[in-house]
Amino acid sequence: MMLMRKETSAAIITIEFGDFYTMVRKEQKSKRTGKVNLTTASLSAYAQSSTGYRHQLELQGYEVVK
């Protein structure tokens, strides 16, 4: 399992995925209201990059948490 996180001015976004997962879990927490929005997406949406989904997320500003 791997966690990647990005913080914007409005929210903290955490994405969880692993080597054997077919889905990606995305948690978005609003800094203003504290509301948490959970969504799941197909891993294939992130795996389109030839360099892999981790690299693609790093290019979007996400950092590895663990």
# chains A, B, ... in the order shown; residues from 1 in each chain; ligands from 1

$ select_by_dssp --residues "chain A" --states "strand (DSSP E or B)" --output "PyMOL selection string"
chain A and resi 2-7+11-17+23-30+36-42+63-64

$ select_by_dssp --residues "chain A" --states "alpha helix (DSSP H)" --output "PyMOL selection string"
chain A and resi 53-59

$ residues_around --residues "A:Thr39" --least-positions-apart "5" --cutoff "7 Å" --atoms "only C-alpha atoms" --output "PDB file with all heavy atoms, in the first residue's frame"
ATOM      1  N   ARG A  25      -8.354   4.788  -3.862  1.00  0.00           N
ATOM      2  CA  ARG A  25      -9.218   5.474  -2.908  1.00  0.00           C
ATOM      3  C   ARG A  25      -8.694   6.894  -2.731  1.00  0.00           C
ATOM      4  O   ARG A  25      -7.528   7.105  -2.430  1.00  0.00           O
ATOM      5  CB  ARG A  25      -9.185   4.745  -1.577  1.00  0.00           C
ATOM      6  CG  ARG A  25     -10.077   5.331  -0.538  1.00  0.00           C
ATOM      7  CD  ARG A  25     -10.074   4.438   0.708  1.00  0.00           C
ATOM      8  NE  ARG A  25     -10.814   5.083   1.749  1.00  0.00           N
ATOM      9  CZ  ARG A  25     -10.264   5.713   2.786  1.00  0.00           C
ATOM     10  NH1 ARG A  25      -8.970   5.755   2.911  1.00  0.00           N
ATOM     11  NH2 ARG A  25     -11.007   6.283   3.690  1.00  0.00           N
ATOM     12  N   LYS A  26      -9.568   7.860  -2.923  1.00  0.00           N
ATOM     13  CA  LYS A  26      -9.182   9.268  -2.830  1.00  0.00           C
ATOM     14  C   LYS A  26     -10.012   9.939  -1.737  1.00  0.00           C
ATOM     15  O   LYS A  26     -11.234   9.863  -1.743  1.00  0.00           O
ATOM     16  CB  LYS A  26      -9.431   9.960  -4.171  1.00  0.00           C
ATOM     17  CG  LYS A  26      -9.038  11.419  -4.204  1.00  0.00           C
ATOM     18  CD  LYS A  26      -9.257  11.993  -5.599  1.00  0.00           C
ATOM     19  CE  LYS A  26      -8.888  13.437  -5.691  1.00  0.00           C
ATOM     20  NZ  LYS A  26      -9.131  13.980  -7.036  1.00  0.00           N
ATOM     21  N   GLU A  27      -9.320  10.588  -0.796  1.00  0.00           N
ATOM     22  CA  GLU A  27      -9.968  11.287   0.309  1.00  0.00           C
ATOM     23  C   GLU A  27      -9.631  12.765   0.186  1.00  0.00           C
ATOM     24  O   GLU A  27      -8.469  13.132   0.098  1.00  0.00           O
ATOM     25  CB  GLU A  27      -9.449  10.742   1.635  1.00  0.00           C
ATOM     26  CG  GLU A  27      -9.962  11.475   2.845  1.00  0.00           C
ATOM     27  CD  GLU A  27      -9.343  10.940   4.129  1.00  0.00           C
ATOM     28  OE1 GLU A  27      -9.541   9.755   4.435  1.00  0.00           O
ATOM     29  OE2 GLU A  27      -8.642  11.724   4.791  1.00  0.00           O
TER      30      GLU A  27
END

$ residues_around --residues "stretch 55-62 of chain A" --least-positions-apart "5" --cutoff "6 Å" --atoms "only C-alpha atoms" --output "compact mmCIF listing (two decimals) with all heavy atoms, in the first residue's frame"
# COMPACT_ATOMS: atom_id res chain seq x y z
N MET A 4 -0.24 8.84 -0.94
CA MET A 4 0.33 10.07 -1.50
C MET A 4 -0.59 11.20 -1.11
O MET A 4 -1.81 11.06 -1.09
CB MET A 4 0.48 9.95 -3.01
CG MET A 4 1.46 8.86 -3.41
SD MET A 4 1.85 8.85 -5.15
CE MET A 4 3.05 10.16 -5.22
N ARG A 5 0.00 12.36 -0.79
CA ARG A 5 -0.79 13.48 -0.29
C ARG A 5 -0.38 14.77 -0.99
O ARG A 5 0.78 15.00 -1.30
CB ARG A 5 -0.57 13.62 1.21
CG ARG A 5 -1.37 14.75 1.83
CD ARG A 5 -1.31 14.74 3.32
NE ARG A 5 -2.10 13.60 3.77
CZ ARG A 5 -1.89 12.97 4.92
NH1 ARG A 5 -0.93 13.32 5.71
NH2 ARG A 5 -2.66 11.97 5.26
N LYS A 6 -1.39 15.61 -1.20
CA LYS A 6 -1.17 16.95 -1.75
C LYS A 6 -2.03 17.92 -0.96
O LYS A 6 -3.19 17.65 -0.67
CB LYS A 6 -1.55 16.99 -3.23
CG LYS A 6 -1.42 18.38 -3.85
CD LYS A 6 -1.56 18.34 -5.36
CE LYS A 6 -2.97 18.40 -5.83
NZ LYS A 6 -3.10 18.60 -7.28

$ atom_distance --atom1 "atom CA of A:Tyr53" --atom2 "atom CA of A:Ile15"
11.1 Å

$ closest_residue --among "A:Glu63, A:Ala10, A:Phe17, A:Val24" --to "A:Leu38" --atoms "only C-alpha atoms"
A:Val24

$ closest_residue --among "A:Thr22, A:Val65, A:Ile13, A:Gly52" --to "A:Lys35" --atoms "only C-alpha atoms"
A:Ile13

$ decode --residues "stretch 14-37 of chain A" --atoms "N, CA, C and O atoms" --output "PDB file, in the first residue's frame"
ATOM      1  N   THR A  14      -5.641  12.994  -0.180  1.00  0.00           N
ATOM      2  CA  THR A  14      -4.843  11.800   0.057  1.00  0.00           C
ATOM      3  C   THR A  14      -5.316  10.711  -0.895  1.00  0.00           C
ATOM      4  O   THR A  14      -6.513  10.461  -1.009  1.00  0.00           O
ATOM      5  N   ILE A  15      -4.373  10.076  -1.572  1.00  0.00           N
ATOM      6  CA  ILE A  15      -4.688   8.977  -2.488  1.00  0.00           C
ATOM      7  C   ILE A  15      -4.003   7.721  -1.970  1.00  0.00           C
ATOM      8  O   ILE A  15      -2.821   7.740  -1.632  1.00  0.00           O
ATOM      9  N   GLU A  16      -4.754   6.629  -1.899  1.00  0.00           N
ATOM     10  CA  GLU A  16      -4.246   5.346  -1.404  1.00  0.00           C
ATOM     11  C   GLU A  16      -4.334   4.308  -2.518  1.00  0.00           C
ATOM     12  O   GLU A  16      -5.372   4.151  -3.152  1.00  0.00           O
ATOM     13  N   PHE A  17      -3.239   3.612  -2.761  1.00  0.00           N
ATOM     14  CA  PHE A  17      -3.244   2.535  -3.744  1.00  0.00           C
ATOM     15  C   PHE A  17      -2.147   1.550  -3.399  1.00  0.00           C
ATOM     16  O   PHE A  17      -1.280   1.813  -2.576  1.00  0.00           O
ATOM     17  N   GLY A  18      -2.185   0.383  -4.024  1.00  0.00           N
ATOM     18  CA  GLY A  18      -1.172  -0.638  -3.788  1.00  0.00           C
ATOM     19  C   GLY A  18      -0.922  -1.446  -5.041  1.00  0.00           C
ATOM     20  O   GLY A  18      -1.608  -1.293  -6.049  1.00  0.00           O
ATOM     21  N   ASP A  19       0.043  -2.321  -4.968  1.00  0.00           N
ATOM     22  CA  ASP A  19       0.450  -3.110  -6.123  1.00  0.00           C
ATOM     23  C   ASP A  19      -0.647  -4.033  -6.631  1.00  0.00           C
ATOM     24  O   ASP A  19      -0.721  -4.318  -7.822  1.00  0.00           O
ATOM     25  N   PHE A  20      -1.494  -4.521  -5.741  1.00  0.00           N
ATOM     26  CA  PHE A  20      -2.494  -5.501  -6.138  1.00  0.00           C
ATOM     27  C   PHE A  20      -3.912  -4.932  -6.168  1.00  0.00           C
ATOM     28  O   PHE A  20      -4.876  -5.659  -6.294  1.00  0.00           O
ATOM     29  N   TYR A  21      -4.050  -3.613  -6.026  1.00  0.00           N
ATOM     30  CA  TYR A  21      -5.356  -2.981  -6.044  1.00  0.00           C
ATOM     31  C   TYR A  21      -5.779  -2.717  -7.484  1.00  0.00           C
ATOM     32  O   TYR A  21      -4.963  -2.427  -8.335  1.00  0.00           O
ATOM     33  N   THR A  22      -7.067  -2.796  -7.732  1.00  0.00           N
ATOM     34  CA  THR A  22      -7.602  -2.397  -9.031  1.00  0.00           C
ATOM     35  C   THR A  22      -8.307  -1.046  -8.917  1.00  0.00           C
ATOM     36  O   THR A  22      -8.673  -0.463  -9.913  1.00  0.00           O
ATOM     37  N   MET A  23      -8.473  -0.576  -7.678  1.00  0.00           N
ATOM     38  CA  MET A  23      -9.135   0.695  -7.436  1.00  0.00           C
ATOM     39  C   MET A  23      -8.212   1.612  -6.638  1.00  0.00           C
ATOM     40  O   MET A  23      -7.353   1.160  -5.899  1.00  0.00           O
ATOM     41  N   VAL A  24      -8.429   2.901  -6.774  1.00  0.00           N
ATOM     42  CA  VAL A  24      -7.697   3.920  -6.036  1.00  0.00           C
ATOM     43  C   VAL A  24      -8.693   4.627  -5.129  1.00  0.00           C
ATOM     44  O   VAL A  24      -9.776   5.013  -5.572  1.00  0.00           O
ATOM     45  N   ARG A  25      -8.354   4.788  -3.862  1.00  0.00           N
ATOM     46  CA  ARG A  25      -9.218   5.474  -2.908  1.00  0.00           C
ATOM     47  C   ARG A  25      -8.694   6.894  -2.731  1.00  0.00           C
ATOM     48  O   ARG A  25      -7.528   7.105  -2.430  1.00  0.00           O
ATOM     49  N   LYS A  26      -9.568   7.860  -2.923  1.00  0.00           N
ATOM     50  CA  LYS A  26      -9.182   9.268  -2.830  1.00  0.00           C
ATOM     51  C   LYS A  26     -10.012   9.939  -1.737  1.00  0.00           C
ATOM     52  O   LYS A  26     -11.234   9.863  -1.743  1.00  0.00           O
ATOM     53  N   GLU A  27      -9.320  10.588  -0.796  1.00  0.00           N
ATOM     54  CA  GLU A  27      -9.968  11.287   0.309  1.00  0.00           C
ATOM     55  C   GLU A  27      -9.631  12.765   0.186  1.00  0.00           C
ATOM     56  O   GLU A  27      -8.469  13.132   0.098  1.00  0.00           O
ATOM     57  N   GLN A  28     -10.652  13.595   0.148  1.00  0.00           N
ATOM     58  CA  GLN A  28     -10.456  15.044   0.039  1.00  0.00           C
ATOM     59  C   GLN A  28     -11.116  15.714   1.236  1.00  0.00           C
ATOM     60  O   GLN A  28     -12.323  15.616   1.421  1.00  0.00           O
ATOM     61  N   LYS A  29     -10.289  16.385   2.067  1.00  0.00           N
ATOM     62  CA  LYS A  29     -10.794  17.036   3.272  1.00  0.00           C
ATOM     63  C   LYS A  29     -10.711  18.543   3.111  1.00  0.00           C
ATOM     64  O   LYS A  29      -9.649  19.097   2.871  1.00  0.00           O
ATOM     65  N   SER A  30     -11.841  19.205   3.257  1.00  0.00           N
ATOM     66  CA  SER A  30     -11.918  20.660   3.156  1.00  0.00           C
ATOM     67  C   SER A  30     -11.284  21.297   4.379  1.00  0.00           C
ATOM     68  O   SER A  30     -11.597  20.934   5.519  1.00  0.00           O
ATOM     69  N   LYS A  31     -10.408  22.251   4.162  1.00  0.00           N
ATOM     70  CA  LYS A  31      -9.798  22.974   5.275  1.00  0.00           C
ATOM     71  C   LYS A  31     -10.787  23.915   5.934  1.00  0.00           C
ATOM     72  O   LYS A  31     -10.711  24.167   7.130  1.00  0.00           O
ATOM     73  N   ARG A  32     -11.714  24.420   5.174  1.00  0.00           N
ATOM     74  CA  ARG A  32     -12.666  25.403   5.693  1.00  0.00           C
ATOM     75  C   ARG A  32     -13.752  24.746   6.539  1.00  0.00           C
ATOM     76  O   ARG A  32     -14.041  25.177   7.643  1.00  0.00           O
ATOM     77  N   THR A  33     -14.353  23.677   6.029  1.00  0.00           N
ATOM     78  CA  THR A  33     -15.482  23.064   6.721  1.00  0.00           C
ATOM     79  C   THR A  33     -15.126  21.783   7.463  1.00  0.00           C
ATOM     80  O   THR A  33     -15.883  21.345   8.317  1.00  0.00           O
ATOM     81  N   GLY A  34     -14.011  21.149   7.108  1.00  0.00           N
ATOM     82  CA  GLY A  34     -13.640  19.878   7.711  1.00  0.00           C
ATOM     83  C   GLY A  34     -14.345  18.690   7.094  1.00  0.00           C
ATOM     84  O   GLY A  34     -14.152  17.555   7.510  1.00  0.00           O
ATOM     85  N   LYS A  35     -15.189  18.932   6.100  1.00  0.00           N
ATOM     86  CA  LYS A  35     -15.938  17.864   5.433  1.00  0.00           C
ATOM     87  C   LYS A  35     -14.986  16.972   4.647  1.00  0.00           C
ATOM     88  O   LYS A  35     -14.085  17.448   3.957  1.00  0.00           O
ATOM     89  N   VAL A  36     -15.203  15.662   4.748  1.00  0.00           N
ATOM     90  CA  VAL A  36     -14.373  14.691   4.046  1.00  0.00           C
ATOM     91  C   VAL A  36     -15.188  14.056   2.927  1.00  0.00           C
ATOM     92  O   VAL A  36     -16.298  13.584   3.144  1.00  0.00           O
ATOM     93  N   ASN A  37     -14.629  14.052   1.726  1.00  0.00           N
ATOM     94  CA  ASN A  37     -15.267  13.450   0.562  1.00  0.00           C
ATOM     95  C   ASN A  37     -14.425  12.253   0.124  1.00  0.00           C
ATOM     96  O   ASN A  37     -13.257  12.410  -0.225  1.00  0.00           O
TER      97      ASN A  37
END
